[in-house]
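Undergrad: File upload_16.cif below, mmCIF, C-alpha atoms and all ligand atoms:
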```cif
data_model
loop_
_atom_site.label_atom_id
_atom_site.label_comp_id
_atom_site.auth_asym_id
_atom_site.auth_seq_id
_atom_site.Cartn_x
_atom_site.Cartn_y
_atom_site.Cartn_z
CA MET A 1273 -7.43 -19.52 0.15
CA THR A 1274 -4.60 -21.97 0.80
CA LEU A 1275 -2.43 -20.80 3.64
CA THR A 1276 0.95 -20.95 1.91
CA SER A 1277 4.18 -21.39 3.88
CA ASN A 1278 5.31 -17.78 3.32
CA LEU A 1279 2.19 -16.55 5.18
CA LYS A 1280 1.78 -19.09 7.98
CA SER A 1281 2.11 -17.89 11.57
CA ALA A 1282 4.42 -19.87 13.84
CA PHE A 1283 2.29 -19.31 16.93
CA THR A 1284 -1.36 -18.95 15.89
CA GLU A 1285 -3.32 -22.20 16.07
CA ARG A 1286 -3.58 -23.58 12.53
CA ARG A 1287 -7.36 -23.91 12.51
CA VAL A 1288 -7.84 -20.37 13.84
CA GLU A 1289 -5.51 -18.97 11.23
CA GLU A 1290 -7.21 -20.85 8.38
CA TYR A 1291 -10.55 -19.54 9.63
CA LEU A 1292 -9.19 -15.98 9.69
CA TYR A 1293 -7.92 -16.22 6.11
CA SER A 1294 -11.14 -17.91 4.94
CA LEU A 1295 -13.04 -14.74 5.92
CA LEU A 1296 -11.03 -12.47 3.66
CA PRO A 1297 -12.63 -11.22 0.43
CA ARG A 1298 -10.95 -12.27 -2.82
CA ARG A 1299 -8.28 -9.95 -4.12
CA ASP A 1300 -8.23 -8.58 -7.67
CA ARG A 1301 -6.27 -10.23 -10.44
CA VAL A 1302 -2.97 -8.34 -9.88
CA LEU A 1303 -2.83 -8.93 -6.11
CA ALA A 1304 -3.85 -12.59 -6.54
CA GLU A 1305 -1.09 -13.02 -9.11
CA MET A 1306 1.43 -11.41 -6.75
CA GLU A 1307 0.34 -13.71 -3.90
CA ALA A 1308 0.83 -16.73 -6.17
CA TYR A 1309 4.25 -15.46 -7.33
CA ALA A 1310 5.31 -14.81 -3.71
CA ALA A 1311 4.21 -18.31 -2.65
CA ARG A 1312 6.06 -19.92 -5.58
CA HIS A 1313 9.27 -17.96 -5.04
CA ASP A 1314 9.09 -17.74 -1.24
CA VAL A 1315 8.90 -13.93 -1.20
CA PRO A 1316 8.03 -12.90 2.38
CA ILE A 1317 5.09 -10.58 1.64
CA ILE A 1318 2.80 -9.45 4.46
CA GLY A 1319 -0.16 -11.27 2.89
CA PRO A 1320 -3.80 -10.17 2.73
CA ALA A 1321 -4.68 -10.24 6.47
CA VAL A 1322 -1.87 -7.86 7.48
CA ALA A 1323 -2.32 -5.87 4.25
CA ARG A 1324 -5.89 -5.07 5.30
CA LEU A 1325 -4.60 -3.78 8.63
CA LEU A 1326 -2.10 -1.62 6.77
CA ALA A 1327 -4.83 -0.25 4.49
CA LEU A 1328 -7.11 0.40 7.46
CA GLN A 1329 -4.38 2.41 9.22
CA VAL A 1330 -3.97 4.54 6.10
CA ALA A 1331 -7.74 5.05 5.76
CA VAL A 1332 -8.48 5.96 9.39
CA THR A 1333 -5.54 8.36 9.65
CA GLY A 1334 -6.02 9.83 6.18
CA ALA A 1335 -2.30 9.32 5.47
CA ARG A 1336 -1.31 10.79 2.09
CA ARG A 1337 2.48 10.86 2.27
CA ILE A 1338 3.89 7.41 2.97
CA PHE A 1339 7.35 5.81 2.99
CA GLU A 1340 7.82 2.04 2.86
CA MET A 1341 11.16 0.58 3.96
CA GLY A 1342 11.63 -2.83 2.31
CA SER A 1343 9.03 -3.26 -0.43
CA ALA A 1344 10.15 -6.37 -2.39
CA ILE A 1345 7.76 -6.97 -5.32
CA GLY A 1346 5.47 -4.14 -4.19
CA TYR A 1347 2.55 -6.14 -2.75
CA SER A 1348 2.22 -4.05 0.43
CA THR A 1349 2.97 -0.90 -1.61
CA ILE A 1350 -0.12 -1.47 -3.74
CA TRP A 1351 -2.32 -1.86 -0.64
CA LEU A 1352 -0.83 1.37 0.77
CA ALA A 1353 -1.27 3.27 -2.51
CA ARG A 1354 -4.85 2.14 -3.04
CA ALA A 1355 -5.81 3.05 0.52
CA ALA A 1356 -4.10 6.46 0.25
CA GLY A 1357 -5.98 7.25 -2.96
CA ARG A 1358 -5.46 9.50 -5.96
CA GLY A 1359 -2.95 12.32 -5.55
CA SER A 1360 -1.17 10.61 -2.64
CA GLU A 1361 2.60 10.04 -2.58
CA VAL A 1362 3.85 6.57 -1.68
CA HIS A 1363 7.58 5.84 -1.64
CA TYR A 1364 8.67 2.29 -2.51
CA SER A 1365 12.21 1.30 -1.45
CA ASP A 1366 14.18 -1.90 -1.88
CA GLY A 1367 17.83 -2.85 -2.21
CA ASP A 1368 17.21 -5.21 -5.13
CA PRO A 1369 16.80 -3.58 -8.58
CA GLY A 1370 15.18 -6.80 -9.89
CA ASN A 1371 12.43 -6.45 -7.27
CA ALA A 1372 11.98 -2.79 -8.20
CA ALA A 1373 11.56 -3.63 -11.90
CA ARG A 1374 8.99 -6.34 -11.15
CA ALA A 1375 7.17 -4.05 -8.68
CA SER A 1376 7.02 -1.21 -11.23
CA GLU A 1377 5.27 -3.48 -13.71
CA TYR A 1378 2.73 -4.54 -11.06
CA PHE A 1379 2.14 -0.86 -10.14
CA ARG A 1380 1.35 -0.09 -13.76
CA ARG A 1381 -1.08 -3.00 -14.04
CA ALA A 1382 -2.71 -2.16 -10.68
CA GLY A 1383 -3.31 1.41 -11.88
CA VAL A 1384 -1.34 3.08 -9.07
CA ALA A 1385 1.99 3.87 -10.78
CA ASP A 1386 1.15 7.59 -10.82
CA ARG A 1387 1.26 7.84 -7.01
CA ILE A 1388 4.29 5.61 -6.31
CA ARG A 1389 7.93 6.73 -6.39
CA VAL A 1390 10.32 3.82 -6.79
CA HIS A 1391 13.71 4.02 -5.02
CA THR A 1392 16.48 1.41 -5.15
CA GLY A 1393 19.15 1.27 -2.44
CA ASP A 1394 19.37 1.19 1.32
CA ALA A 1395 15.95 2.13 2.69
CA LEU A 1396 17.36 3.82 5.81
CA THR A 1397 19.63 6.07 3.76
CA LEU A 1398 16.86 6.79 1.25
CA LEU A 1399 14.48 7.78 4.03
CA ARG A 1400 17.08 9.99 5.77
CA ASP A 1401 17.84 11.70 2.42
CA SER A 1402 14.20 12.26 1.49
CA GLY A 1403 12.66 15.70 1.84
CA GLY A 1404 9.87 16.61 4.26
CA ARG A 1405 8.00 14.50 6.76
CA PHE A 1406 5.68 11.54 6.31
CA ASP A 1407 2.21 10.71 7.66
CA LEU A 1408 3.06 7.03 7.82
CA ILE A 1409 6.24 4.94 7.60
CA PHE A 1410 6.04 1.17 7.20
CA CYS A 1411 9.13 -0.87 8.11
CA ASP A 1412 9.79 -4.32 6.60
CA VAL A 1413 13.59 -4.37 6.10
CA ASN A 1414 16.08 -6.92 7.47
CA LYS A 1415 15.23 -7.52 11.11
CA ASP A 1416 18.68 -6.72 12.50
CA GLN A 1417 18.14 -3.22 11.06
CA TYR A 1418 14.87 -2.51 12.89
CA PRO A 1419 16.41 -0.45 15.73
CA ALA A 1420 18.33 1.70 13.21
CA ALA A 1421 15.23 1.94 10.99
CA LEU A 1422 13.22 3.26 13.92
CA ARG A 1423 15.91 5.83 14.70
CA ALA A 1424 15.99 6.91 11.04
CA ALA A 1425 12.20 7.13 10.85
CA ARG A 1426 11.41 9.06 14.03
CA PRO A 1427 12.54 12.50 12.78
CA LYS A 1428 10.93 11.87 9.37
CA LEU A 1429 7.48 11.24 10.84
CA ARG A 1430 5.10 14.11 11.47
CA ARG A 1431 3.61 14.47 14.94
CA GLY A 1432 0.55 12.19 15.09
CA GLY A 1433 2.00 10.07 12.27
CA LEU A 1434 2.27 6.28 12.40
CA PHE A 1435 5.31 4.00 12.38
CA LEU A 1436 4.25 0.47 11.42
CA ALA A 1437 6.45 -2.62 11.50
CA ASP A 1438 5.90 -6.23 10.45
CA ASN A 1439 7.37 -9.43 11.98
CA THR A 1440 7.73 -7.98 15.48
CA LEU A 1441 7.20 -11.38 17.15
CA TRP A 1442 9.54 -13.07 14.62
CA SER A 1443 8.00 -16.56 14.69
CA GLY A 1444 7.68 -16.22 18.49
CA LYS A 1445 11.46 -16.04 18.85
CA ALA A 1446 11.14 -12.48 20.18
CA ALA A 1447 9.72 -13.98 23.39
CA ARG A 1448 12.64 -16.37 23.94
CA THR A 1449 16.30 -15.86 24.81
CA ALA A 1450 18.21 -15.28 21.58
CA ALA A 1451 21.69 -16.62 20.81
CA SER A 1452 24.28 -13.86 20.47
CA SER A 1453 24.75 -14.98 16.84
CA ASP A 1454 21.03 -14.50 16.06
CA ALA A 1455 21.20 -10.87 14.90
CA GLN A 1456 17.67 -10.86 13.46
CA THR A 1457 15.94 -11.94 16.69
CA ARG A 1458 18.13 -9.62 18.75
CA GLY A 1459 17.26 -6.78 16.37
CA ILE A 1460 13.53 -7.39 16.84
CA GLN A 1461 13.91 -7.64 20.62
CA GLU A 1462 15.87 -4.38 20.77
CA PHE A 1463 13.30 -2.72 18.49
CA ASN A 1464 10.41 -3.87 20.74
CA ARG A 1465 12.18 -2.47 23.83
CA LEU A 1466 12.90 0.84 22.08
CA VAL A 1467 9.40 1.30 20.70
CA PHE A 1468 7.64 0.60 24.01
CA ARG A 1469 10.09 2.61 26.14
CA SER A 1470 10.05 5.67 23.92
CA LYS A 1471 8.25 8.63 25.47
CA ALA A 1472 7.78 10.00 21.95
CA LEU A 1473 5.70 7.03 20.77
CA PHE A 1474 2.53 5.21 21.79
CA ALA A 1475 2.80 1.59 20.64
CA VAL A 1476 0.66 -1.54 20.30
CA LEU A 1477 1.94 -4.97 19.20
CA LEU A 1478 -0.72 -7.20 17.63
CA PRO A 1479 -0.06 -10.98 17.41
CA LEU A 1480 -1.45 -11.09 13.87
CA ARG A 1481 0.47 -13.54 11.63
CA ASP A 1482 4.12 -12.82 12.62
CA GLY A 1483 3.40 -9.84 14.91
CA PHE A 1484 2.62 -6.32 13.75
CA THR A 1485 3.45 -3.09 15.59
CA ILE A 1486 1.56 0.18 15.32
CA ALA A 1487 3.25 3.18 16.96
CA ARG A 1488 1.95 6.76 16.92
CA LYS A 1489 4.39 9.66 17.22
CA LEU A 1490 3.23 11.87 20.11
C1 LIG B 1501 9.91 -8.85 3.83
S1 LIG B 1501 10.36 -8.27 2.27
C2 LIG B 1501 9.24 -6.95 1.98
C3 LIG B 1501 7.86 -7.40 1.68
C4 LIG B 1501 6.90 -6.28 1.34
N1 LIG B 1501 6.88 -5.26 2.37
C5 LIG B 1501 5.51 -6.85 1.18
O1 LIG B 1501 4.89 -7.18 2.20
O2 LIG B 1501 5.03 -6.99 0.06
C6 LIG B 1501 11.82 -7.41 2.66
C7 LIG B 1501 12.47 -6.70 1.48
O3 LIG B 1501 13.29 -5.69 2.02
C8 LIG B 1501 14.47 -5.59 1.27
N2 LIG B 1501 15.46 -5.02 2.21
C9 LIG B 1501 15.92 -5.56 3.35
N3 LIG B 1501 16.73 -4.67 3.99
C10 LIG B 1501 16.75 -3.57 3.21
C11 LIG B 1501 17.38 -2.31 3.31
N4 LIG B 1501 18.16 -1.99 4.35
N5 LIG B 1501 17.18 -1.41 2.33
C12 LIG B 1501 16.40 -1.70 1.26
N6 LIG B 1501 15.77 -2.86 1.12
C13 LIG B 1501 15.94 -3.80 2.07
C14 LIG B 1501 14.76 -6.97 0.75
O4 LIG B 1501 15.42 -6.88 -0.49
C15 LIG B 1501 13.35 -7.57 0.61
O5 LIG B 1501 12.90 -7.45 -0.71
#
```
Step by step, read the file and then write its structure as C-alpha cells.
TA:
Amino acid sequence: MTLTSNLKSAFTERRVEEYLYSLLPRRDRVLAEMEAYAARHDVPIIGPAVARLLALQVAVTGARRIFEMGSAIGYSTIWLARAAGRGSEVHYSDGDPGNAARASEYFRRAGVADRIRVHTGDALTLLRDSGGRFDLIFCDVNKDQYPAALRAARPKLRRGGLFLADNTLWSGKAARTAASSDAQTRGIQEFNRLVFRSKALFAVLLPLRDGFTIARKL
C-alpha cells in the first residue's frame, strides 16, 4: 500500500515503516474505501497497522462492551466491532454530525450496524453519562483533552479493563519541551505522566506510527 501522509510516522525510519505496512493483508472493500477517503480528505484515522493492534487487544481480552471517544468516519469503530463480534456493544462518539452520518453508512455496508450505537456530542460527557462500565475504552479525541478523557474514563472502566489511546508520542513532540501555547503537545505530555504515575493503571507506550498507549485498570 502507499503510505499516505495521514498515516506516516514522524519518527519511524521511512523504509522500516514502508516494510511494516507492506506486510499487512489487504483490507475488504469498505475499509479500503474508507482508507482512500481518509487519505483524500486528510482524515486522521489510525490506519491498518494500529487498527490491527486495536483488534488484537479486543480479541485477547474478550472485550464485548466498548466505548470509543473520537470516532470520525468510523474506521477504527469497524475494527473494534468486528473484533468484538456478534452481540457485542460498541459505542461510537464524535462531535461532528456529518462524520456520524458518513460512519453510519459505512457501518451498514460493513455489516456491523447492529452492534454499534452512534452518539453525537462531546465524547467525555457522553461517556460520563453512559450507563454501566466498559471492558475497553479507546481515546482518540483532541489531544489537549487527553488528561480529562483519562479522568472521565477511569471510573467507567471495569477492573481489568483496557484504556487505549492513539497519538501518545504526537509526532515525537511529546519528547521535547513544548511551548506554553502548544496545548495539544502539553495535553499529551500531561496524559503520559498521569497514565504512568497512576497506581490504578499498568501502562505501556508503543512507538507504533504516532505512539499508542495500552493501560490496564488494576
Ligand atoms: C483522530 S479523529 C478519530 C479517528 C478515528 N478514531 C479512526 O481512527 O478512525 C478525531 C475525531 O474526534 C473528534 N473529536 C475530537 N474531540 C472530540 C470530543 N471532545 N468529543 C467528540 N468528538 C471529538 C473529531 O471530530 C474527529 O473526528
Undergrad: I'd like a table as CSV: residues in chain A with an atom no more than 6 Å from ligand LIG 1501 (chain B), each row giving the shortest atom pair and its distance in Å to one decimal, only C-alpha atoms and all ligand atoms counted, sorted by chain and rising residue number.
TA:
```
residue,atom,partner,partner_atom,distance
A:Pro1316,CA,B:LIG1501,C1,4.7
A:Ile1317,CA,B:LIG1501,O1,3.5
A:Ile1318,CA,B:LIG1501,O1,3.8
A:Gly1342,CA,B:LIG1501,O3,3.3
A:Ser1343,CA,B:LIG1501,N1,4.1
A:Ala1344,CA,B:LIG1501,O5,3.4
A:Gly1346,CA,B:LIG1501,O2,5.1
A:Tyr1347,CA,B:LIG1501,O2,3.8
A:Ser1348,CA,B:LIG1501,O2,4.1
A:Ser1365,CA,B:LIG1501,C12,5.8
A:Asp1366,CA,B:LIG1501,N6,3.5
A:Gly1367,CA,B:LIG1501,N6,3.9
A:Asp1368,CA,B:LIG1501,O4,5.2
A:Gly1393,CA,B:LIG1501,C12,5.5
A:Asp1394,CA,B:LIG1501,N5,3.5
A:Ala1395,CA,B:LIG1501,N5,3.8
A:Asp1412,CA,B:LIG1501,N1,5.2
A:Val1413,CA,B:LIG1501,N3,3.8
A:Asn1414,CA,B:LIG1501,N3,4.2
```
Undergrad: Rank nothing, just name the residue among A:Phe1379, A:Phe1410, A:Leu1326, A:Asp1314 nearest to A:Val1302, using all atoms listed in the file.
TA: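 Among the listed residues, A:Phe1379 lies closest to A:Val1302.
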Undergrad: Leaving out A:Leu1429 and any residue of its chain fewer than 6 positions from it, which residues lie within 9 Å of it when counting all atoms listed in the file, given as a PDB file with C-alpha atoms, keeping the file's coordinate frame?
TA:
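The file below, around_12.pdb, is the result:
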```pdb
ATOM      1  CA  GLY A1404       9.870  16.610   4.260  1.00  0.00           C
ATOM      2  CA  ARG A1405       8.000  14.500   6.760  1.00  0.00           C
ATOM      3  CA  PHE A1406       5.680  11.540   6.310  1.00  0.00           C
ATOM      4  CA  ASP A1407       2.210  10.710   7.660  1.00  0.00           C
ATOM      5  CA  LEU A1408       3.060   7.030   7.820  1.00  0.00           C
ATOM      6  CA  ILE A1409       6.240   4.940   7.600  1.00  0.00           C
ATOM      7  CA  PHE A1435       5.310   4.000  12.380  1.00  0.00           C
ATOM      8  CA  LYS A1489       4.390   9.660  17.220  1.00  0.00           C
TER       9      LYS A1489
END
```
Undergrad: Between atom CA of A:Ala1382 and atom CA of A:Leu1396, what is the spacing in Å?
TA: 26.7 Å
Undergrad: From the options A:Glu1377, A:Asp1454, A:Glu1462, A:Asp1438, which residue's atoms come nearest to A:Cys1411, counting all atoms listed in the file?
TA: A:Asp1438
Undergrad: Determine, counting all atoms listed in the file, which protein, DNA and RNA residues have an atom within 12 Å of an atom of A:Gly1383; residues of the same chain fewer than 2 positions away are not included. Present the result as a PyMOL selection string.
TA: chain A and resi 1300+1302-1303+1350-1351+1353-1354+1357-1358+1376-1381+1385-1388
Undergrad: Mind pulling up the distance from atom CA of A:Ala1323 to atom CA of A:Ala1472?
TA: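 Between atom CA of A:Ala1472 and atom CA of A:Ala1323 the gap is 25.8 Å.
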Undergrad: Quick check, in Å to one decimal: how far apart do atom CA of A:Arg1389 and atom CA of A:Gly1359 lie?
TA: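 Distance between the two atoms: 12.3 Å.
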Undergrad: Determine, counting all atoms listed in the file, which protein, DNA and RNA residues have an atom within 7 Å of an atom of A:Ala1475; residues of the same chain fewer than 4 positions away are not included. Present the result as number ranges by chain.
TA: A: 1467-1468, 1485-1488
Undergrad: Between A:Val1390, A:Leu1296, A:Val1322, A:Leu1422, which residue has the minimum interatomic distance to A:Leu1466, considering all atoms listed in the file?
TA: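 With all atoms listed in the file as the atom set, the closest residue is A:Leu1422.
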Undergrad: Taking only C-alpha atoms into account, name the residue in A:Gly1319, A:Asn1278, A:Tyr1309, A:Ala1375 that is nearest to A:Tyr1293.
TA: A:Gly1319
Undergrad: Please enclose the listed atoms of stretch 1408-1413 of chain A in an axis-aligned box, pad each side by 5 Å, and write out the centre and the three edge lengths in Å, rounded to one decimal, as AutoDock Vina command-line options.
TA:
```
--center_x 8.3 --center_y 1.3 --center_z 7.1 --size_x 20.5 --size_y 21.4 --size_z 12.0
```
Undergrad: Scan for residues within 9 Å of the point (3.9, -5.7, 16.4) in the coordinates of the file, using all atoms listed in the file, and reply as a PDB file with C-alpha atoms, in the frame of the given file.
TA:
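New file result-v3.pdb:
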```
ATOM      1  CA  LEU A1436       4.250   0.470  11.420  1.00  0.00           C
ATOM      2  CA  ALA A1437       6.450  -2.620  11.500  1.00  0.00           C
ATOM      3  CA  ASP A1438       5.900  -6.230  10.450  1.00  0.00           C
ATOM      4  CA  ASN A1439       7.370  -9.430  11.980  1.00  0.00           C
ATOM      5  CA  THR A1440       7.730  -7.980  15.480  1.00  0.00           C
ATOM      6  CA  LEU A1441       7.200 -11.380  17.150  1.00  0.00           C
ATOM      7  CA  ASN A1464      10.410  -3.870  20.740  1.00  0.00           C
ATOM      8  CA  ALA A1475       2.800   1.590  20.640  1.00  0.00           C
ATOM      9  CA  VAL A1476       0.660  -1.540  20.300  1.00  0.00           C
ATOM     10  CA  LEU A1477       1.940  -4.970  19.200  1.00  0.00           C
ATOM     11  CA  LEU A1478      -0.720  -7.200  17.630  1.00  0.00           C
ATOM     12  CA  PRO A1479      -0.060 -10.980  17.410  1.00  0.00           C
ATOM     13  CA  LEU A1480      -1.450 -11.090  13.870  1.00  0.00           C
ATOM     14  CA  ASP A1482       4.120 -12.820  12.620  1.00  0.00           C
ATOM     15  CA  GLY A1483       3.400  -9.840  14.910  1.00  0.00           C
ATOM     16  CA  PHE A1484       2.620  -6.320  13.750  1.00  0.00           C
ATOM     17  CA  THR A1485       3.450  -3.090  15.590  1.00  0.00           C
ATOM     18  CA  ILE A1486       1.560   0.180  15.320  1.00  0.00           C
ATOM     19  CA  ALA A1487       3.250   3.180  16.960  1.00  0.00           C
TER      20      ALA A1487
END
```
Undergrad: Within 10 Å of A:Arg1312, counting only C-alpha atoms, which residues show up once you throw out same-chain ones fewer than 3 positions away? Write them as a list in words, please.
TA: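 The neighbour list is Thr1276, Ser1277, Asn1278, Met1306, Glu1307, Ala1308, Tyr1309 and Val1315 of chain A.
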Undergrad: Have a look at A:Gly1444, A:Ala1355, A:Arg1430, A:Tyr1418 and name the one nearest to A:Val1332; count all atoms listed in the file.
TA: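 Counting all atoms listed in the file, the residue closest to A:Val1332 is A:Ala1355.
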Undergrad: In the coordinate frame of the file, compute which residues have an atom within 9 Å of (-5.0, 12.7, -0.2) when using all atoms listed in the file, and state them as a ChimeraX atom specification.
TA: /A:1334-1337,1356-1361
Undergrad: Pick out the residues sitting within 10 Å of A:Leu1398, and hand them over as number ranges by chain; count all atoms listed in the file, and ignore anything fewer than 5 positions along from it in its own chain.
TA: A: 1339, 1341, 1363, 1365-1366, 1391-1393, 1403, 1424
Undergrad: Restricting it to C-alpha atoms, dump the selection as a compact mmCIF listing (two decimals), in the frame of the given file.
TA:
```
# COMPACT_ATOMS: atom_id res chain seq x y z
CA PHE A 1339 7.35 5.81 2.99
CA MET A 1341 11.16 0.58 3.96
CA HIS A 1363 7.58 5.84 -1.64
CA SER A 1365 12.21 1.30 -1.45
CA ASP A 1366 14.18 -1.90 -1.88
CA HIS A 1391 13.71 4.02 -5.02
CA THR A 1392 16.48 1.41 -5.15
CA GLY A 1393 19.15 1.27 -2.44
CA GLY A 1403 12.66 15.70 1.84
CA ALA A 1424 15.99 6.91 11.04
```
Undergrad: For A:Leu1325, which of A:Leu1399, A:Leu1352, A:Ala1282, A:Ile1338 is the closest residue, counting all atoms listed in the file?
TA: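 Under the stated criterion, the closest residue is A:Leu1352.
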Undergrad: Taking the partial coordinates given, rebuild stretch 1298-1307 of chain A to contain all heavy atoms; return it as a compact mmCIF listing (two decimals), in the frame of the given file.
TA:
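The result, stored in rebuild_33.txt:
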```txt
# COMPACT_ATOMS: atom_id res chain seq x y z
N ARG A 1298 -11.92 -11.98 -1.75
CA ARG A 1298 -10.95 -12.27 -2.82
C ARG A 1298 -10.26 -10.98 -3.24
O ARG A 1298 -10.87 -9.92 -3.24
CB ARG A 1298 -11.67 -12.83 -4.04
CG ARG A 1298 -12.28 -14.17 -3.81
CD ARG A 1298 -13.08 -14.56 -5.04
NE ARG A 1298 -12.24 -15.22 -6.02
CZ ARG A 1298 -11.99 -16.53 -5.99
NH1 ARG A 1298 -12.50 -17.28 -5.05
NH2 ARG A 1298 -11.22 -17.08 -6.90
N ARG A 1299 -9.01 -11.11 -3.60
CA ARG A 1299 -8.28 -9.95 -4.12
C ARG A 1299 -8.44 -9.88 -5.64
O ARG A 1299 -8.84 -10.87 -6.26
CB ARG A 1299 -6.77 -10.06 -3.79
CG ARG A 1299 -6.44 -9.49 -2.42
CD ARG A 1299 -6.92 -10.36 -1.30
NE ARG A 1299 -6.25 -11.65 -1.24
CZ ARG A 1299 -6.72 -12.70 -0.60
NH1 ARG A 1299 -7.87 -12.66 0.03
NH2 ARG A 1299 -6.04 -13.84 -0.59
N ASP A 1300 -8.11 -8.72 -6.21
CA ASP A 1300 -8.23 -8.58 -7.67
C ASP A 1300 -7.12 -9.38 -8.36
O ASP A 1300 -6.25 -9.96 -7.71
CB ASP A 1300 -8.22 -7.10 -8.08
CG ASP A 1300 -6.85 -6.46 -7.92
OD1 ASP A 1300 -5.90 -7.14 -7.48
OD2 ASP A 1300 -6.71 -5.27 -8.21
N ARG A 1301 -7.16 -9.38 -9.66
CA ARG A 1301 -6.27 -10.23 -10.44
C ARG A 1301 -4.77 -9.95 -10.16
O ARG A 1301 -3.98 -10.88 -10.02
CB ARG A 1301 -6.56 -10.03 -11.93
CG ARG A 1301 -5.77 -10.96 -12.83
CD ARG A 1301 -5.80 -10.44 -14.24
NE ARG A 1301 -7.12 -10.65 -14.84
CZ ARG A 1301 -7.35 -11.48 -15.85
NH1 ARG A 1301 -6.37 -12.14 -16.37
NH2 ARG A 1301 -8.54 -11.62 -16.35
N VAL A 1302 -4.40 -8.67 -10.07
CA VAL A 1302 -2.97 -8.34 -9.88
C VAL A 1302 -2.49 -8.81 -8.50
O VAL A 1302 -1.45 -9.48 -8.39
CB VAL A 1302 -2.72 -6.82 -10.05
CG1 VAL A 1302 -1.25 -6.49 -9.80
CG2 VAL A 1302 -3.14 -6.36 -11.42
N LEU A 1303 -3.26 -8.51 -7.46
CA LEU A 1303 -2.83 -8.93 -6.11
C LEU A 1303 -2.81 -10.46 -6.00
O LEU A 1303 -1.89 -11.04 -5.39
CB LEU A 1303 -3.75 -8.34 -5.04
CG LEU A 1303 -3.62 -6.83 -4.80
CD1 LEU A 1303 -4.66 -6.36 -3.78
CD2 LEU A 1303 -2.21 -6.46 -4.31
N ALA A 1304 -3.80 -11.12 -6.59
CA ALA A 1304 -3.85 -12.59 -6.54
C ALA A 1304 -2.64 -13.18 -7.25
O ALA A 1304 -2.01 -14.14 -6.78
CB ALA A 1304 -5.15 -13.08 -7.18
N GLU A 1305 -2.26 -12.56 -8.36
CA GLU A 1305 -1.09 -13.02 -9.11
C GLU A 1305 0.19 -12.82 -8.28
O GLU A 1305 1.07 -13.68 -8.25
CB GLU A 1305 -1.00 -12.23 -10.42
CG GLU A 1305 -0.12 -12.88 -11.46
CD GLU A 1305 -0.02 -12.01 -12.70
OE1 GLU A 1305 -1.07 -11.72 -13.32
OE2 GLU A 1305 1.10 -11.63 -13.04
N MET A 1306 0.26 -11.69 -7.59
CA MET A 1306 1.43 -11.41 -6.75
C MET A 1306 1.51 -12.40 -5.58
O MET A 1306 2.59 -12.87 -5.21
CB MET A 1306 1.37 -9.98 -6.20
CG MET A 1306 1.49 -8.93 -7.29
SD MET A 1306 1.23 -7.26 -6.67
CE MET A 1306 2.89 -6.84 -6.13
N GLU A 1307 0.36 -12.73 -5.00
CA GLU A 1307 0.34 -13.71 -3.90
C GLU A 1307 0.84 -15.06 -4.40
O GLU A 1307 1.61 -15.74 -3.72
CB GLU A 1307 -1.07 -13.83 -3.32
CG GLU A 1307 -1.48 -12.60 -2.51
CD GLU A 1307 -2.95 -12.60 -2.11
OE1 GLU A 1307 -3.62 -13.66 -2.19
OE2 GLU A 1307 -3.45 -11.53 -1.73
```
